[in-house]
Every structure is written in structure tokens, then in C-alpha cells.
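**Student:** Contents of final-v1.csv (CSV, C-alpha atoms and all ligand atoms):
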```
chain,number,residue,atom,x,y,z
U,1,MET,CA,5.5,25.5,12.1
U,2,ASP,CA,8.0,23.8,9.8
U,3,GLU,CA,7.2,20.1,9.7
U,4,ALA,CA,10.9,19.2,10.1
U,5,GLN,CA,10.9,21.0,13.5
U,6,LYS,CA,8.7,18.3,15.0
U,7,ILE,CA,10.6,15.9,17.2
U,8,LEU,CA,9.8,13.0,19.4
U,9,VAL,CA,12.1,12.5,22.4
U,10,VAL,CA,12.0,9.0,23.9
U,11,GLU,CA,13.9,8.8,27.2
U,12,ASP,CA,13.1,6.9,30.4
U,13,ASP,CA,15.2,9.1,32.6
U,14,ALA,CA,13.1,12.0,33.8
U,15,VAL,CA,16.0,14.4,34.3
U,16,THR,CA,17.5,13.8,30.9
U,17,ARG,CA,14.1,13.9,29.2
U,18,ALA,CA,13.3,17.3,30.8
U,19,ARG,CA,16.8,18.6,29.9
U,20,LEU,CA,16.4,17.5,26.3
U,21,ALA,CA,12.9,18.9,25.9
U,22,PHE,CA,14.0,22.3,27.4
U,23,LEU,CA,17.0,22.5,25.1
U,24,LEU,CA,15.1,21.6,22.0
U,25,ARG,CA,12.2,23.9,22.6
U,26,LYS,CA,14.5,26.7,23.3
U,27,ASN,CA,16.0,26.1,19.9
U,28,GLY,CA,12.7,26.2,18.0
U,29,TYR,CA,11.7,22.5,18.0
U,30,GLN,CA,8.2,21.4,18.6
U,31,VAL,CA,8.9,18.6,21.1
U,32,ASP,CA,6.8,15.7,22.2
U,33,VAL,CA,8.1,13.3,24.9
U,34,ALA,CA,7.6,9.7,25.7
U,35,ASP,CA,8.9,8.1,28.9
U,36,ASP,CA,9.7,4.7,27.4
U,37,GLY,CA,10.1,2.8,24.2
U,38,ASP,CA,6.6,1.3,24.2
U,39,SER,CA,4.8,4.7,24.6
U,40,GLY,CA,7.3,6.2,22.2
U,41,TRP,CA,6.1,3.6,19.6
U,42,ILE,CA,2.5,4.4,20.2
U,43,ARG,CA,3.1,8.2,19.9
U,44,PHE,CA,5.1,7.6,16.7
U,45,GLN,CA,2.2,5.7,15.1
U,46,GLU,CA,-0.2,8.4,16.1
U,47,LEU,CA,1.7,11.4,14.8
U,48,HIS,CA,4.6,10.3,12.5
U,49,TYR,CA,7.5,12.5,13.5
U,50,PRO,CA,10.3,13.4,11.0
U,51,ILE,CA,12.9,13.2,13.8
U,52,VAL,CA,13.0,10.8,16.7
U,53,LEU,CA,15.6,11.1,19.4
U,54,THR,CA,15.7,8.0,21.5
U,55,ASP,CA,17.5,6.6,24.5
U,56,TRP,CA,19.1,3.2,24.1
U,57,LEU,CA,18.3,1.4,27.4
U,58,MET,CA,14.7,1.7,28.5
U,59,PRO,CA,12.2,-0.7,30.1
U,60,GLY,CA,10.2,-2.4,27.4
U,61,LEU,CA,11.3,-1.6,23.8
U,62,SER,CA,14.9,-0.5,23.6
U,63,GLY,CA,16.1,2.3,21.4
U,64,PRO,CA,17.3,0.0,18.6
U,65,GLU,CA,14.1,-2.0,18.8
U,66,LEU,CA,12.0,1.1,18.5
U,67,CYS,CA,14.2,2.1,15.5
U,68,GLU,CA,13.6,-1.2,13.8
U,69,ARG,CA,9.9,-0.8,14.2
U,70,ILE,CA,10.0,2.7,12.8
U,71,ARG,CA,11.9,1.4,9.7
U,72,ARG,CA,9.4,-1.3,9.1
U,73,TYR,CA,6.5,1.0,9.6
U,74,GLU,CA,7.5,4.1,7.7
U,75,GLY,CA,6.3,4.6,4.2
U,76,GLU,CA,7.8,6.9,1.6
U,77,VAL,CA,8.5,9.7,4.1
U,78,TYR,CA,11.7,9.0,6.0
U,79,THR,CA,12.2,9.4,9.7
U,80,TYR,CA,15.6,10.5,11.0
U,81,VAL,CA,16.5,8.6,14.1
U,82,ILE,CA,19.2,9.6,16.5
U,83,LEU,CA,20.2,7.2,19.3
U,84,ILE,CA,21.3,8.4,22.7
U,85,THR,CA,23.9,6.0,24.0
U,86,GLY,CA,25.5,5.6,27.4
U,87,LYS,CA,29.1,4.4,27.9
U,88,THR,CA,28.1,0.8,28.1
U,89,GLU,CA,26.3,0.7,24.7
U,90,LYS,CA,29.0,2.8,23.0
U,91,SER,CA,31.0,-0.4,22.1
U,92,ASN,CA,27.8,-1.8,20.5
U,93,ILE,CA,27.1,1.2,18.4
U,94,ALA,CA,27.2,-0.9,15.2
U,95,LEU,CA,24.2,-2.7,16.5
U,96,GLY,CA,22.2,0.5,16.8
U,97,LEU,CA,23.2,1.6,13.3
U,98,GLU,CA,22.2,-1.8,12.0
U,99,ALA,CA,18.8,-1.3,13.6
U,100,GLY,CA,18.5,1.6,11.2
U,101,ALA,CA,19.6,4.6,13.3
U,102,ASP,CA,21.0,7.5,11.4
U,103,ASP,CA,23.3,8.9,14.0
U,104,TYR,CA,24.0,8.7,17.7
U,105,VAL,CA,25.1,11.0,20.6
U,106,THR,CA,26.7,9.8,23.7
U,107,LYS,CA,25.6,10.7,27.2
U,108,PRO,CA,26.3,13.0,28.8
U,109,PHE,CA,25.6,14.9,25.6
U,110,ASP,CA,27.0,18.2,24.6
U,111,SER,CA,24.2,20.6,23.6
U,112,GLY,CA,26.1,22.2,20.7
U,113,GLU,CA,26.9,18.8,19.3
U,114,LEU,CA,23.4,17.5,19.6
U,115,LEU,CA,21.9,20.6,17.9
U,116,ALA,CA,24.5,20.3,15.1
U,117,ARG,CA,23.5,16.6,14.5
U,118,LEU,CA,19.9,17.6,14.4
U,119,ARG,CA,20.6,20.2,11.8
U,120,THR,CA,22.3,17.5,9.7
U,121,GLY,CA,19.2,15.4,10.1
U,122,ARG,CA,17.0,18.2,8.9
U,123,ARG,CA,19.2,18.8,5.9
U,124,ILE,CA,18.9,15.2,5.0
U,125,LEU,CA,15.1,15.3,5.4
U,126,ASP,CA,14.9,18.4,3.3
U,127,LEU,CA,17.0,16.7,0.6
U,128,GLN,CA,14.7,13.7,0.7
U,129,ALA,CA,11.6,15.8,0.4
U,130,SER,CA,13.0,17.6,-2.7
U,131,MET,CA,13.9,14.2,-4.2
U,132,ARG,CA,10.4,12.9,-3.6
U,133,GLU,CA,9.0,16.1,-5.2
U,134,ALA,CA,11.4,15.7,-8.2
U,135,LYS,CA,10.3,12.0,-8.5
U,136,ARG,CA,6.7,13.0,-8.5
U,137,GLN,CA,7.3,15.6,-11.2
U,138,LEU,CA,9.2,13.1,-13.3
U,139,GLN,CA,6.4,10.6,-12.9
U,140,ASP,CA,3.9,13.2,-13.9
U,141,LEU,CA,6.0,14.2,-16.9
U,142,ALA,CA,6.3,10.6,-18.0
U,143,SER,CA,2.6,10.1,-18.0
U,144,ARG,CA,1.8,13.2,-20.1
U,145,ASP,CA,1.7,13.7,-23.8
U,146,GLY,CA,4.4,16.1,-24.7
U,147,LEU,CA,2.3,18.1,-27.2
U,148,THR,CA,-1.1,18.4,-25.5
U,149,GLU,CA,-0.1,17.7,-21.9
U,150,VAL,CA,-3.1,15.4,-21.4
U,151,LEU,CA,-2.3,11.8,-20.3
U,152,ASN,CA,-0.3,9.8,-22.9
U,153,ARG,CA,-1.5,6.4,-24.2
U,154,ARG,CA,0.3,4.3,-21.6
U,155,ALA,CA,-1.0,6.3,-18.6
U,156,LEU,CA,-4.4,6.5,-20.2
U,157,GLU,CA,-4.6,2.7,-20.5
U,158,GLU,CA,-3.6,2.4,-16.8
U,159,ARG,CA,-6.4,4.8,-15.9
U,160,LEU,CA,-8.8,2.9,-18.1
U,161,ALA,CA,-8.0,-0.4,-16.4
U,162,GLU,CA,-8.5,1.2,-13.0
U,163,ALA,CA,-11.8,2.8,-14.1
U,164,PHE,CA,-13.0,-0.6,-15.4
U,165,THR,CA,-12.0,-2.4,-12.2
U,166,TYR,CA,-14.0,0.2,-10.3
U,167,PHE,CA,-16.9,-0.3,-12.6
U,168,LEU,CA,-16.8,-4.1,-12.1
U,169,ARG,CA,-16.7,-3.7,-8.3
U,170,ARG,CA,-19.4,-1.0,-8.0
U,171,GLY,CA,-21.5,-1.6,-11.0
U,172,THR,CA,-22.0,2.1,-11.6
U,173,PRO,CA,-22.1,2.9,-15.3
U,174,LEU,CA,-18.8,3.7,-17.0
U,175,SER,CA,-18.9,5.7,-20.2
U,176,ILE,CA,-16.1,6.1,-22.6
U,177,ALA,CA,-15.9,8.8,-25.3
U,178,MET,CA,-13.6,8.4,-28.3
U,179,LEU,CA,-12.9,11.7,-30.0
U,180,ASP,CA,-11.4,12.2,-33.4
U,181,LEU,CA,-10.6,15.5,-35.0
U,182,ASP,CA,-12.4,15.8,-38.3
U,183,HIS,CA,-10.3,16.1,-41.5
U,184,PHE,CA,-7.2,16.5,-39.5
U,185,LYS,CA,-5.0,15.4,-42.4
U,186,GLN,CA,-6.4,18.3,-44.4
U,187,ILE,CA,-5.7,20.8,-41.6
U,188,ASN,CA,-2.0,19.6,-41.6
U,189,ASP,CA,-1.9,19.7,-45.4
U,190,ASN,CA,-3.5,23.1,-45.8
U,191,TYR,CA,-2.0,25.0,-42.8
U,192,GLY,CA,1.1,23.1,-41.9
U,193,HIS,CA,2.0,20.8,-39.0
U,194,GLN,CA,2.6,23.6,-36.6
U,195,ALA,CA,-0.9,24.8,-37.1
U,196,GLY,CA,-2.1,21.2,-36.8
U,197,ASP,CA,-0.3,21.0,-33.5
U,198,ASP,CA,-2.0,24.2,-32.3
U,199,VAL,CA,-5.4,22.7,-33.2
U,200,LEU,CA,-4.5,19.5,-31.2
U,201,ARG,CA,-3.4,21.4,-28.2
U,202,GLU,CA,-6.4,23.7,-28.2
U,203,ALA,CA,-8.8,20.8,-28.7
U,204,ALA,CA,-7.3,19.0,-25.7
U,205,ARG,CA,-7.5,22.2,-23.7
U,206,ARG,CA,-11.2,22.7,-24.5
U,207,VAL,CA,-12.1,19.1,-23.8
U,208,THR,CA,-10.3,19.3,-20.5
U,209,SER,CA,-12.3,22.4,-19.6
U,210,MET,CA,-15.6,20.6,-20.4
U,211,ILE,CA,-15.1,17.5,-18.3
U,212,ARG,CA,-15.5,17.1,-14.6
U,213,GLU,CA,-12.8,16.8,-11.9
U,214,TYR,CA,-13.1,13.0,-11.8
U,215,ASP,CA,-13.1,12.4,-15.6
U,216,THR,CA,-9.9,11.6,-17.4
U,217,ILE,CA,-8.8,12.7,-20.9
U,218,GLY,CA,-5.8,11.1,-22.7
U,219,ARG,CA,-4.3,11.2,-26.1
U,220,TYR,CA,-5.1,7.8,-27.7
U,221,GLY,CA,-3.5,8.3,-31.1
U,222,GLY,CA,-2.5,11.0,-33.5
U,223,GLU,CA,-5.6,13.1,-33.5
U,224,GLU,CA,-7.6,10.8,-31.3
U,225,PHE,CA,-8.5,11.4,-27.7
U,226,LEU,CA,-10.2,9.2,-25.1
U,227,VAL,CA,-12.3,10.5,-22.3
U,228,LEU,CA,-13.2,8.3,-19.4
U,229,LEU,CA,-16.5,9.2,-17.6
U,230,PRO,CA,-16.9,7.1,-14.5
U,231,ASP,CA,-20.3,6.9,-12.7
U,232,THR,CA,-21.9,8.3,-15.9
U,233,PRO,CA,-24.9,6.7,-17.6
U,234,GLY,CA,-25.4,6.9,-21.3
U,235,GLU,CA,-27.7,9.9,-21.4
U,236,GLU,CA,-25.4,12.1,-19.2
U,237,ALA,CA,-22.4,11.0,-21.3
U,238,THR,CA,-24.2,12.0,-24.4
U,239,SER,CA,-24.8,15.5,-23.1
U,240,ILE,CA,-21.2,15.9,-22.0
U,241,ALA,CA,-20.0,14.7,-25.4
U,242,GLU,CA,-22.3,17.2,-27.0
U,243,ARG,CA,-20.8,20.0,-25.0
U,244,ILE,CA,-17.4,18.9,-26.0
U,245,ARG,CA,-18.3,18.7,-29.6
U,246,ARG,CA,-19.8,22.2,-29.5
U,247,SER,CA,-16.9,23.7,-27.6
U,248,ILE,CA,-14.7,22.7,-30.5
U,249,ALA,CA,-17.0,23.4,-33.5
U,250,GLU,CA,-18.4,26.8,-32.3
U,251,LEU,CA,-15.1,28.7,-32.0
U,252,PRO,CA,-12.3,28.6,-34.5
U,253,VAL,CA,-8.8,27.8,-33.2
U,254,GLU,CA,-6.3,30.7,-33.3
U,255,THR,CA,-2.9,29.5,-34.4
U,256,ARG,CA,0.4,30.9,-33.3
U,257,ASP,CA,0.9,32.6,-36.6
U,258,GLY,CA,-2.3,34.6,-36.1
U,259,GLY,CA,-4.5,32.5,-38.4
U,260,THR,CA,-7.8,30.9,-37.5
U,261,ILE,CA,-8.8,27.3,-38.3
U,262,HIS,CA,-12.3,25.9,-38.0
U,263,ALA,CA,-12.1,22.5,-36.5
U,264,SER,CA,-14.6,19.9,-35.4
U,265,VAL,CA,-14.6,16.6,-33.7
U,266,SER,CA,-16.6,13.4,-34.1
U,267,VAL,CA,-17.4,11.4,-30.9
U,268,GLY,CA,-18.2,7.8,-30.4
U,269,LEU,CA,-19.6,6.9,-27.0
U,270,ALA,CA,-20.1,3.6,-25.2
U,271,THR,CA,-21.4,2.9,-21.8
U,272,ALA,CA,-20.9,-0.2,-19.7
U,273,HIS,CA,-23.9,-0.7,-17.3
U,274,ALA,CA,-24.2,-3.1,-14.4
U,275,GLY,CA,-24.5,-6.6,-15.6
U,276,PHE,CA,-22.2,-6.0,-18.6
U,277,ARG,CA,-20.2,-9.2,-19.2
U,278,GLY,CA,-17.6,-8.0,-21.7
U,279,ASN,CA,-14.2,-6.6,-21.0
U,280,VAL,CA,-12.7,-3.2,-21.4
U,281,LYS,CA,-11.7,-4.0,-25.0
U,282,ASP,CA,-15.4,-4.5,-25.8
U,283,VAL,CA,-16.3,-1.1,-24.5
U,284,ILE,CA,-13.5,0.5,-26.5
U,285,GLU,CA,-14.6,-1.4,-29.7
U,286,SER,CA,-18.1,-0.2,-29.1
U,287,ALA,CA,-17.0,3.4,-28.8
U,288,ASP,CA,-14.8,3.0,-31.8
U,289,ALA,CA,-17.7,1.6,-33.9
U,290,ALA,CA,-19.8,4.5,-32.8
U,291,LEU,CA,-17.1,6.9,-33.8
U,292,TYR,CA,-17.0,5.3,-37.2
U,293,ARG,CA,-20.7,5.9,-37.6
U,294,ALA,CA,-20.3,9.5,-36.5
U,295,LYS,CA,-17.7,9.9,-39.2
U,296,ARG,CA,-19.8,8.2,-41.8
U,297,GLY,CA,-22.9,10.1,-40.7
U,298,GLY,CA,-21.3,13.5,-41.6
U,299,ARG,CA,-18.8,14.2,-38.8
U,300,ASN,CA,-19.0,16.9,-36.2
U,301,ARG,CA,-21.5,14.7,-34.3
U,302,VAL,CA,-21.9,12.4,-31.4
U,303,GLU,CA,-23.0,8.7,-31.8
U,304,HIS,CA,-23.7,6.4,-29.0
U,305,GLY,CA,-22.5,2.7,-29.0
U,306,VAL,CA,-25.7,0.8,-29.0
U,307,GLY,CA,-29.3,1.9,-28.8
U,308,GLU,CA,-29.8,3.7,-25.5
U,309,GLY,CA,-26.2,3.3,-24.8
U,310,ILE,CA,-26.0,-0.2,-23.3
U,311,ALA,CA,-22.6,-1.6,-24.3
U,312,GLY,CA,-22.4,-5.3,-24.1
U,313,ALA,CA,-25.0,-6.0,-26.7
U,314,PRO,CA,-23.8,-8.5,-29.2
U,315,ARG,CA,-21.1,-7.1,-31.6
U,316,SER,CA,-23.5,-7.7,-34.5
U,317,ALA,CA,-25.8,-5.0,-33.1
U,318,LEU,CA,-23.2,-2.3,-33.6
U,319,GLY,CA,-23.8,-2.1,-37.3
U,401,MG,MG,17.6,4.7,29.8
```
Please lay out the structure from this file as C-alpha cells.
**Tutor:**
Amino acid sequence: MDEAQKILVVEDDAVTRARLAFLLRKNGYQVDVADDGDSGWIRFQELHYPIVLTDWLMPGLSGPELCERIRRYEGEVYTYVILITGKTEKSNIALGLEAGADDYVTKPFDSGELLARLRTGRRILDLQASMREAKRQLQDLASRDGLTEVLNRRALEERLAEAFTYFLRRGTPLSIAMLDLDHFKQINDNYGHQAGDDVLREAARRVTSMIREYDTIGRYGGEEFLVLLPDTPGEEATSIAERIRRSIAELPVETRDGGTIHASVSVGLATAHAGFRGNVKDVIESADAALYRAKRGGRNRVEHGVGEGIAGAPRSALG
């Protein structure tokens, strides 16, 4: 059943209520009914309807009051509200619209008109849904690196802050891997920038395939990537980093012009364990220092921040 076919009818007059429910069901709507404003409000909170058709005058909550509540309650997903007005409320229609109603029909209502107004409502809801989807796609696009399609630096830093907050609250170890493609400048110089781009893209793809659903990879700088490994102690992080390193070193990258390039990556790891008193910058610095050691130690290797991977040791211990 199409979600936009769901409708809540709130009407205290039994005859009108039954007539409405019959008409709407006959026309393909999935109808729920409530016999006054208060029970309508309860139903709405239970099942969030895309369309609410409500009478104006009812014992308890009136139609406009119900409408106001819906407006305050609803989140990103809009509810289309149509007020049913009698002759007496007709002169007050501005009041109903101010309460947030989208449209109104007058009693006694004409079936054809009511169905037409509902179709308008559904068109608006459809439009809103596609705008939400477009917005989501834009947000996703804005958080991705154009070349490698992993998170860009800004989005990565947001995720890093979130991961660190989670770590502080839970105390479960947070590991961070800093990856840097080895001799990348030479790749660019020897094979050209297009080939260099191919290597970056392929490296990002391989790292992505090596990490778990809840890990995060982002492009940190030119040929530098950061991988966030939440809930991951040092030893486990090391074996993930080793898998990543091998996935890049063991198979040459095929470039778009049909060539192959042997690439490798150096990885610096740092882990914040429970009791760690530093901030997120300290963990990054520790990973960075480990990366530096991996480079100095011959590249295509993994180094862990401090000893057994306990970040938070004094900076002097990083060496
Ligand atoms: Mg009434």
C-alpha cells in the first residue's frame, strides 16, 4: 500500500464519519477513524498519518487545535491536514488556516470535490518526499570527496568528533589509522596525474572493502586517508591495518590507460583506551607520529602509536 494512501478521519458525527470512511475506502484509501479530537490526537501519535481529514467542532480538541498539535509534533515528514467546516465556522476559516491547516471542505461536502482536494494533498506530499530525497542526496554529495567518493575532510572531522564523544561516554577503545600512499609524488611524476588519481581511487576502494560496516574512511589530505575504528582495541586495529596494507601492496593498480602501477601504503595507528585523558587531537598526533615511523622504517608497513597501542602516554614516548 502506497504510504500516501493512509488517511486519518477525525469526526464526531457518526453518520458523516461513516460516509467519509466509505467514500475514501471505495477510492483506494486506507482509512482509520477517530470519533473526537482527543482520540484523533492519540491515533496520530501512534501511527503518523500523511493525511488527516478533521472536523472543526468536536468535544474536546477542536479541529484547529488538533492541527496545531500535529504541526508542533511532526518532524521532517509533513502531514497534510484538511479541515471540514460547517456553515458557522466558514467565516472563521482564516483561523483554521492559521492553525496550520492546508485546505478545507465545507459540509455538506461534495464527494468529487473532496477527492480532488485529497489528490492535491498527495501531489504536495509526493513533491515534499522528492525534495527530502534531493536534499539527502545533496547532503551526501557535500560530504564526499569528489575523486575517491569517501568522506571528505570536513565530514570526516565531524565523524571523528562523534566517534571520540562516543568513546568518552562508553570507554570502549577507539582506534584511528592514518594511511599515506608511499612515494605518491613519484607515481604522479612517472605516470601522470590521471594515473595518480586512479591509484587514489583504487586505494580508497580497497580500504573501504577491508573495513567493517561501522568503521569510517575519509580522505584526510592529498594522498592521506584516515580510518576510524570504533570499539577496536590496539591489537585488532593492527590486524585490520595489516589487511589494508596487504590489499594495496599485493595487487598492482590497473590504470584507465591499461597500465599497472605497484603502490603501497604506510599506516600509523593510535588507540585511545578507557582512562585516556587527552583529546582527539592527541590521538591524531599519535597516529601521525606512528605514520612517520612507518615511513622512516621503510614504508609499506604498519606502526602503532605507543608500545602496545595505548595512546595517551606522554608525547615524549612517541619517539
Ligand atoms: Mg462536529
**Student:** Compute the set of protein, DNA and RNA residues whose minimum atom distance to ligand MG 401 (chain U) is at most 7 Å, using only C-alpha atoms and all ligand atoms, and state it as number ranges by chain.
**Tutor:** U: 11-13, 55-58
**Student:** Step by step: start from the point (-12.9, -0.8, -15.1) in the file's coordinates, keep every protein, DNA or RNA residue that has an atom no farther than 12 Å from it, count all atoms listed in the file, and write the set as a PyMOL selection string.
**Tutor:** chain U and resi 157-176+228-231+271-274+276-284
**Student:** Export, as a CSV table (one decimal), in the coordinates of the input, the selected residues with C-alpha atoms.
**Tutor:**
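Result went into result.csv, see below:
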```csv
chain,number,residue,atom,x,y,z
U,157,GLU,CA,-4.6,2.7,-20.5
U,158,GLU,CA,-3.6,2.4,-16.8
U,159,ARG,CA,-6.4,4.8,-15.9
U,160,LEU,CA,-8.8,2.9,-18.1
U,161,ALA,CA,-8.0,-0.4,-16.4
U,162,GLU,CA,-8.5,1.2,-13.0
U,163,ALA,CA,-11.8,2.8,-14.1
U,164,PHE,CA,-13.0,-0.6,-15.4
U,165,THR,CA,-12.0,-2.4,-12.2
U,166,TYR,CA,-14.0,0.2,-10.3
U,167,PHE,CA,-16.9,-0.3,-12.6
U,168,LEU,CA,-16.8,-4.1,-12.1
U,169,ARG,CA,-16.7,-3.7,-8.3
U,170,ARG,CA,-19.4,-1.0,-8.0
U,171,GLY,CA,-21.5,-1.6,-11.0
U,172,THR,CA,-22.0,2.1,-11.6
U,173,PRO,CA,-22.1,2.9,-15.3
U,174,LEU,CA,-18.8,3.7,-17.0
U,175,SER,CA,-18.9,5.7,-20.2
U,176,ILE,CA,-16.1,6.1,-22.6
U,228,LEU,CA,-13.2,8.3,-19.4
U,229,LEU,CA,-16.5,9.2,-17.6
U,230,PRO,CA,-16.9,7.1,-14.5
U,231,ASP,CA,-20.3,6.9,-12.7
U,271,THR,CA,-21.4,2.9,-21.8
U,272,ALA,CA,-20.9,-0.2,-19.7
U,273,HIS,CA,-23.9,-0.7,-17.3
U,274,ALA,CA,-24.2,-3.1,-14.4
U,276,PHE,CA,-22.2,-6.0,-18.6
U,277,ARG,CA,-20.2,-9.2,-19.2
U,278,GLY,CA,-17.6,-8.0,-21.7
U,279,ASN,CA,-14.2,-6.6,-21.0
U,280,VAL,CA,-12.7,-3.2,-21.4
U,281,LYS,CA,-11.7,-4.0,-25.0
U,282,ASP,CA,-15.4,-4.5,-25.8
U,283,VAL,CA,-16.3,-1.1,-24.5
U,284,ILE,CA,-13.5,0.5,-26.5
```
**Student:** Residues within 10 Å of range 241-256 of chain U, please, as an mmCIF file with C-alpha atoms, in the frame of the given file. Count all atoms listed in the file; anything in the same chain fewer than 5 positions from it doesn't count.
**Tutor:**
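As written to disk, around_17.cif reads:
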```
data_model
loop_
_atom_site.group_PDB
_atom_site.id
_atom_site.type_symbol
_atom_site.label_atom_id
_atom_site.label_comp_id
_atom_site.auth_asym_id
_atom_site.auth_seq_id
_atom_site.Cartn_x
_atom_site.Cartn_y
_atom_site.Cartn_z
ATOM 1 C CA ILE U 176 -16.100 6.100 -22.600
ATOM 2 C CA ALA U 177 -15.900 8.800 -25.300
ATOM 3 C CA MET U 178 -13.600 8.400 -28.300
ATOM 4 C CA LEU U 179 -12.900 11.700 -30.000
ATOM 5 C CA LEU U 181 -10.600 15.500 -35.000
ATOM 6 C CA TYR U 191 -2.000 25.000 -42.800
ATOM 7 C CA GLN U 194 2.600 23.600 -36.600
ATOM 8 C CA ALA U 195 -0.900 24.800 -37.100
ATOM 9 C CA GLY U 196 -2.100 21.200 -36.800
ATOM 10 C CA ASP U 197 -0.300 21.000 -33.500
ATOM 11 C CA ASP U 198 -2.000 24.200 -32.300
ATOM 12 C CA VAL U 199 -5.400 22.700 -33.200
ATOM 13 C CA LEU U 200 -4.500 19.500 -31.200
ATOM 14 C CA ARG U 201 -3.400 21.400 -28.200
ATOM 15 C CA GLU U 202 -6.400 23.700 -28.200
ATOM 16 C CA ALA U 203 -8.800 20.800 -28.700
ATOM 17 C CA ALA U 204 -7.300 19.000 -25.700
ATOM 18 C CA ARG U 205 -7.500 22.200 -23.700
ATOM 19 C CA ARG U 206 -11.200 22.700 -24.500
ATOM 20 C CA VAL U 207 -12.100 19.100 -23.800
ATOM 21 C CA THR U 208 -10.300 19.300 -20.500
ATOM 22 C CA SER U 209 -12.300 22.400 -19.600
ATOM 23 C CA MET U 210 -15.600 20.600 -20.400
ATOM 24 C CA ILE U 211 -15.100 17.500 -18.300
ATOM 25 C CA VAL U 227 -12.300 10.500 -22.300
ATOM 26 C CA GLU U 235 -27.700 9.900 -21.400
ATOM 27 C CA GLU U 236 -25.400 12.100 -19.200
ATOM 28 C CA ILE U 261 -8.800 27.300 -38.300
ATOM 29 C CA HIS U 262 -12.300 25.900 -38.000
ATOM 30 C CA ALA U 263 -12.100 22.500 -36.500
ATOM 31 C CA SER U 264 -14.600 19.900 -35.400
ATOM 32 C CA VAL U 265 -14.600 16.600 -33.700
ATOM 33 C CA SER U 266 -16.600 13.400 -34.100
ATOM 34 C CA VAL U 267 -17.400 11.400 -30.900
ATOM 35 C CA GLY U 268 -18.200 7.800 -30.400
ATOM 36 C CA LEU U 269 -19.600 6.900 -27.000
ATOM 37 C CA ASN U 300 -19.000 16.900 -36.200
ATOM 38 C CA ARG U 301 -21.500 14.700 -34.300
ATOM 39 C CA VAL U 302 -21.900 12.400 -31.400
ATOM 40 C CA GLU U 303 -23.000 8.700 -31.800
ATOM 41 C CA HIS U 304 -23.700 6.400 -29.000
#
```
**Student:** Any idea what's packed within 6 Å of range 96-111 of chain U, counting only C-alpha atoms, ignoring anything in its chain fewer than 5 positions away? Could you give it as a list in words?
**Tutor:**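 Close residues of range 96-111 of chain U: Pro64, Glu68, Val81, Ile82, Leu83, Ile84, Thr85 and Gly86 of chain U.
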**Student:** What does the distance from CA of Tyr73 in chain U to CA of Leu138 in chain U come to in Å, to one decimal?
**Tutor:**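 One can read the CA of Tyr73 in chain U to CA of Leu138 in chain U distance as 26.0 Å.
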**Student:** Tell me, as a short mmCIF file (atom, residue, chain, number, x, y, z; two decimals) with C-alpha atoms, keeping the file's coordinate frame, which residues lie within 12 Å of range 26-40 of chain U, counting only C-alpha atoms; anything in the same chain fewer than 3 positions away does not count.
**Tutor:**
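The file below, around36.cif, is the result:
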```
data_model
loop_
_atom_site.label_atom_id
_atom_site.label_comp_id
_atom_site.auth_asym_id
_atom_site.auth_seq_id
_atom_site.Cartn_x
_atom_site.Cartn_y
_atom_site.Cartn_z
CA MET U 1 5.50 25.50 12.10
CA ASP U 2 8.00 23.80 9.80
CA GLU U 3 7.20 20.10 9.70
CA ALA U 4 10.90 19.20 10.10
CA GLN U 5 10.90 21.00 13.50
CA LYS U 6 8.70 18.30 15.00
CA ILE U 7 10.60 15.90 17.20
CA LEU U 8 9.80 13.00 19.40
CA VAL U 9 12.10 12.50 22.40
CA VAL U 10 12.00 9.00 23.90
CA GLU U 11 13.90 8.80 27.20
CA ASP U 12 13.10 6.90 30.40
CA ASP U 13 15.20 9.10 32.60
CA ALA U 14 13.10 12.00 33.80
CA VAL U 15 16.00 14.40 34.30
CA THR U 16 17.50 13.80 30.90
CA ARG U 17 14.10 13.90 29.20
CA ALA U 18 13.30 17.30 30.80
CA ARG U 19 16.80 18.60 29.90
CA LEU U 20 16.40 17.50 26.30
CA ALA U 21 12.90 18.90 25.90
CA PHE U 22 14.00 22.30 27.40
CA LEU U 23 17.00 22.50 25.10
CA ARG U 43 3.10 8.20 19.90
CA PHE U 44 5.10 7.60 16.70
CA GLN U 45 2.20 5.70 15.10
CA GLU U 46 -0.20 8.40 16.10
CA LEU U 47 1.70 11.40 14.80
CA HIS U 48 4.60 10.30 12.50
CA TYR U 49 7.50 12.50 13.50
CA PRO U 50 10.30 13.40 11.00
CA ILE U 51 12.90 13.20 13.80
CA VAL U 52 13.00 10.80 16.70
CA LEU U 53 15.60 11.10 19.40
CA THR U 54 15.70 8.00 21.50
CA ASP U 55 17.50 6.60 24.50
CA TRP U 56 19.10 3.20 24.10
CA LEU U 57 18.30 1.40 27.40
CA MET U 58 14.70 1.70 28.50
CA PRO U 59 12.20 -0.70 30.10
CA GLY U 60 10.20 -2.40 27.40
CA LEU U 61 11.30 -1.60 23.80
CA SER U 62 14.90 -0.50 23.60
CA GLY U 63 16.10 2.30 21.40
CA PRO U 64 17.30 0.00 18.60
CA GLU U 65 14.10 -2.00 18.80
CA LEU U 66 12.00 1.10 18.50
CA CYS U 67 14.20 2.10 15.50
CA GLU U 68 13.60 -1.20 13.80
CA ARG U 69 9.90 -0.80 14.20
CA ILE U 70 10.00 2.70 12.80
CA SER U 111 24.20 20.60 23.60
CA GLY U 112 26.10 22.20 20.70
CA LEU U 114 23.40 17.50 19.60
CA LEU U 115 21.90 20.60 17.90
CA ALA U 116 24.50 20.30 15.10
CA LEU U 118 19.90 17.60 14.40
CA ARG U 119 20.60 20.20 11.80
CA ARG U 122 17.00 18.20 8.90
#
```
**Student:** Between CA of Phe225 in chain U and CA of Ala142 in chain U, what distance in Å does the model show, to one decimal?
**Tutor:** 17.7 Å
**Student:** One decimal, Å: what's the distance from CA of Ala129 in chain U over to CA of Arg144 in chain U, could you say?
**Tutor:**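 Value for the CA of Ala129 in chain U-CA of Arg144 in chain U distance: 22.9 Å.
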**Student:** Got a sec: who's within 6 Å of range 215-222 of chain U, counting only C-alpha atoms, leaving out chain neighbours fewer than 6 positions off, as a list in words?
**Tutor:** Val150, Leu151, Asn152, Arg153, Leu156, Leu228 and Leu229 of chain U
**Student:** Using all atoms listed in the file, which of U:Lys295, U:Tyr80, U:Leu147, U:Asn92 sits nearest Arg123 in chain U?
**Tutor:**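 Among the listed residues, U:Tyr80 lies closest to Arg123 in chain U.
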